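First up is the structure itself, then whatever we jot down about it.
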Amino acid sequence: MTLSSTERGLNEALLLPAPWRQLALGREIAFCLGPDTAPADAMERAAAFTRRTLPMLLGDTLVDHPTREAAISVVRELVDITARNRHGSDIVGRILADDAHITVTVGEARGQLPAPHDEPGLYLVRRLADDIGQYQGDEGGYVTWASIPALPKGP
């Protein structure tokens, strides 16, 4: 979720203890690409959106630049795979962050993930993520997720 300066001010004014404020607001961003978006455009739009919003999502956390770039690369690849094998009309993506991982979720694809030799972008995703998987989505397709370890910034 992206907050404006006014919303951030409201967050500070909440009477909840600090850990509960974070739980109440969440640490995620989401995007939706409509049915008229071609796979190449979907991939580029999702990557551009992630590049702009990821710094706001992560805030002052100590996540290094390569981790941020890895998350953008994973978004690009998962959106590309999903866009070329859509189950429904829209592609919905979410990026969640905590102190240990950035998790990218993209759905819904028509089928399970192919082998990496059939979908070379999966080699990159598997190299950057410490875990990847799928689950059955609400619309009957498959939602793909990948968890990228959040490496701390160097000295």
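Letters A, B, ... mark the chains of the structure tokens in the order given; residue numbers begin at 1 per chain; ligand numbers begin at 1, in order shown.
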>> Can you tell me, as a list in words, which residues in stretch 21-84 of chain A count as strand (DSSP E) by DSSP?
In response: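 The residues of stretch 21-84 of chain A classed as strand (DSSP E) are Glu28, Ile29, Ala30, Phe31, Cys32 and Leu33 of chain A.
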>> Excluding stretch 70-73 of chain A and its own-chain neighbours fewer than 6 positions away, which residues fall within 9 Å of it when counting only C-alpha atoms? Please give them as a ChimeraX atom specification.
In response: /A:46-48,50-51,54,95,102-104,124-125,128-129,147-148
> What gap, in Å, lies between atom CA of A:Ala83 and atom CA of A:Asp131?
Replying inline: 21.4 Å
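Backbone DSSP assigns helix (DSSP H, G or I) in stretch 52-116 of chain A to Arg52, Thr53, Leu54, Pro55, Met56, Leu57, Leu58, His65, Pro66, Thr67, Arg68, Glu69, Ala70, Ala71, Ile72, Ser73, Val74, Val75, Arg76, Glu77, Leu78, Val79, Asp80, Ile81, Thr82, Ala83 and Arg84 of chain A.
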What would the file look like if the residues just selected were written as an mmCIF file, in the first residue's frame with N, CA, C and O atoms?
data_model
loop_
_atom_site.group_PDB
_atom_site.id
_atom_site.type_symbol
_atom_site.label_atom_id
_atom_site.label_comp_id
_atom_site.auth_asym_id
_atom_site.auth_seq_id
_atom_site.Cartn_x
_atom_site.Cartn_y
_atom_site.Cartn_z
ATOM 1 N N ARG A 52 8.834 2.307 -9.553
ATOM 2 C CA ARG A 52 8.398 3.563 -8.923
ATOM 3 C C ARG A 52 7.907 3.373 -7.497
ATOM 4 O O ARG A 52 8.121 4.226 -6.651
ATOM 5 N N THR A 53 7.207 2.281 -7.239
ATOM 6 C CA THR A 53 6.545 2.132 -5.941
ATOM 7 C C THR A 53 7.329 1.325 -4.912
ATOM 8 O O THR A 53 7.093 1.483 -3.720
ATOM 9 N N LEU A 54 8.247 0.494 -5.339
ATOM 10 C CA LEU A 54 9.000 -0.326 -4.395
ATOM 11 C C LEU A 54 9.758 0.512 -3.355
ATOM 12 O O LEU A 54 9.751 0.166 -2.171
ATOM 13 N N PRO A 55 10.396 1.633 -3.743
ATOM 14 C CA PRO A 55 11.051 2.448 -2.714
ATOM 15 C C PRO A 55 10.075 2.960 -1.646
ATOM 16 O O PRO A 55 10.425 3.036 -0.466
ATOM 17 N N MET A 56 8.845 3.285 -2.042
ATOM 18 C CA MET A 56 7.855 3.732 -1.062
ATOM 19 C C MET A 56 7.438 2.578 -0.160
ATOM 20 O O MET A 56 7.224 2.757 1.034
ATOM 21 N N LEU A 57 7.316 1.391 -0.726
ATOM 22 C CA LEU A 57 6.935 0.219 0.050
ATOM 23 C C LEU A 57 8.011 -0.116 1.079
ATOM 24 O O LEU A 57 7.716 -0.378 2.245
ATOM 25 N N LEU A 58 9.256 -0.082 0.651
ATOM 26 C CA LEU A 58 10.353 -0.469 1.536
ATOM 27 C C LEU A 58 10.743 0.635 2.502
ATOM 28 O O LEU A 58 11.304 0.360 3.558
ATOM 29 N N HIS A 65 20.322 -2.505 -2.940
ATOM 30 C CA HIS A 65 19.872 -2.215 -4.305
ATOM 31 C C HIS A 65 19.718 -3.488 -5.148
ATOM 32 O O HIS A 65 18.722 -3.619 -5.867
ATOM 33 N N PRO A 66 20.641 -4.448 -5.090
ATOM 34 C CA PRO A 66 20.451 -5.672 -5.873
ATOM 35 C C PRO A 66 19.168 -6.430 -5.514
ATOM 36 O O PRO A 66 18.545 -7.036 -6.387
ATOM 37 N N THR A 67 18.756 -6.395 -4.257
ATOM 38 C CA THR A 67 17.502 -7.052 -3.871
ATOM 39 C C THR A 67 16.329 -6.358 -4.545
ATOM 40 O O THR A 67 15.405 -7.005 -5.039
ATOM 41 N N ARG A 68 16.344 -5.041 -4.578
ATOM 42 C CA ARG A 68 15.274 -4.285 -5.242
ATOM 43 C C ARG A 68 15.237 -4.607 -6.734
ATOM 44 O O ARG A 68 14.167 -4.811 -7.302
ATOM 45 N N GLU A 69 16.390 -4.663 -7.367
ATOM 46 C CA GLU A 69 16.452 -4.990 -8.798
ATOM 47 C C GLU A 69 16.003 -6.429 -9.045
ATOM 48 O O GLU A 69 15.368 -6.711 -10.061
ATOM 49 N N ALA A 70 16.324 -7.335 -8.122
ATOM 50 C CA ALA A 70 15.882 -8.723 -8.253
ATOM 51 C C ALA A 70 14.363 -8.791 -8.219
ATOM 52 O O ALA A 70 13.747 -9.520 -9.011
ATOM 53 N N ALA A 71 13.736 -8.033 -7.327
ATOM 54 C CA ALA A 71 12.275 -8.020 -7.239
ATOM 55 C C ALA A 71 11.657 -7.521 -8.542
ATOM 56 O O ALA A 71 10.678 -8.101 -9.038
ATOM 57 N N ILE A 72 12.225 -6.489 -9.127
ATOM 58 C CA ILE A 72 11.716 -5.958 -10.392
ATOM 59 C C ILE A 72 11.861 -6.996 -11.503
ATOM 60 O O ILE A 72 10.943 -7.207 -12.302
ATOM 61 N N SER A 73 12.991 -7.684 -11.544
ATOM 62 C CA SER A 73 13.210 -8.728 -12.559
ATOM 63 C C SER A 73 12.221 -9.872 -12.403
ATOM 64 O O SER A 73 11.695 -10.390 -13.398
ATOM 65 N N VAL A 74 11.945 -10.266 -11.165
ATOM 66 C CA VAL A 74 10.991 -11.349 -10.922
ATOM 67 C C VAL A 74 9.588 -10.918 -11.350
ATOM 68 O O VAL A 74 8.856 -11.693 -11.977
ATOM 69 N N VAL A 75 9.211 -9.681 -11.048
ATOM 70 C CA VAL A 75 7.909 -9.169 -11.484
ATOM 71 C C VAL A 75 7.811 -9.249 -13.007
ATOM 72 O O VAL A 75 6.815 -9.745 -13.550
ATOM 73 N N ARG A 76 8.824 -8.777 -13.704
ATOM 74 C CA ARG A 76 8.826 -8.791 -15.176
ATOM 75 C C ARG A 76 8.588 -10.202 -15.712
ATOM 76 O O ARG A 76 7.746 -10.411 -16.577
ATOM 77 N N GLU A 77 9.345 -11.154 -15.197
ATOM 78 C CA GLU A 77 9.259 -12.516 -15.719
ATOM 79 C C GLU A 77 7.926 -13.179 -15.394
ATOM 80 O O GLU A 77 7.319 -13.816 -16.255
ATOM 81 N N LEU A 78 7.452 -13.043 -14.150
ATOM 82 C CA LEU A 78 6.183 -13.687 -13.787
ATOM 83 C C LEU A 78 5.007 -13.064 -14.532
ATOM 84 O O LEU A 78 4.077 -13.769 -14.941
ATOM 85 N N VAL A 79 5.041 -11.745 -14.736
ATOM 86 C CA VAL A 79 3.973 -11.098 -15.507
ATOM 87 C C VAL A 79 4.040 -11.547 -16.963
ATOM 88 O O VAL A 79 3.008 -11.836 -17.580
ATOM 89 N N ASP A 80 5.223 -11.653 -17.524
ATOM 90 C CA ASP A 80 5.373 -12.107 -18.907
ATOM 91 C C ASP A 80 4.795 -13.515 -19.076
ATOM 92 O O ASP A 80 4.002 -13.768 -19.996
ATOM 93 N N ILE A 81 5.175 -14.432 -18.204
ATOM 94 C CA ILE A 81 4.690 -15.814 -18.284
ATOM 95 C C ILE A 81 3.169 -15.856 -18.143
ATOM 96 O O ILE A 81 2.473 -16.523 -18.907
ATOM 97 N N THR A 82 2.646 -15.109 -17.171
ATOM 98 C CA THR A 82 1.203 -15.097 -16.930
ATOM 99 C C THR A 82 0.459 -14.445 -18.091
ATOM 100 O O THR A 82 -0.592 -14.928 -18.513
ATOM 101 N N ALA A 83 0.990 -13.349 -18.625
ATOM 102 C CA ALA A 83 0.316 -12.632 -19.717
ATOM 103 C C ALA A 83 0.206 -13.495 -20.976
ATOM 104 O O ALA A 83 -0.773 -13.402 -21.713
ATOM 105 N N ARG A 84 1.195 -14.325 -21.205
ATOM 106 C CA ARG A 84 1.158 -15.187 -22.391
ATOM 107 C C ARG A 84 0.299 -16.426 -22.188
ATOM 108 O O ARG A 84 -0.029 -17.124 -23.144
#
>> When you count only C-alpha atoms, which of these residues is closest to A:Ala38: A:Ile132, A:Arg94, A:Arg86, A:Gly59?
In response: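 Using only C-alpha atoms, the shortest distance to A:Ala38 belongs to A:Arg86.
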> What's the 8 Å shell around A:Phe31, counting only C-alpha atoms, without same-chain residues fewer than 2 positions away, as a PyMOL selection string?
Replying inline: chain A and resi 29+33+46+49+92-94
> Between A:Ser89, A:Thr105, A:Gln112, A:Thr37, which one has atoms that come closest to A:Glu139, using only C-alpha atoms?
Replying inline: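 That would be A:Ser89, the residue with the smallest distance to A:Glu139.
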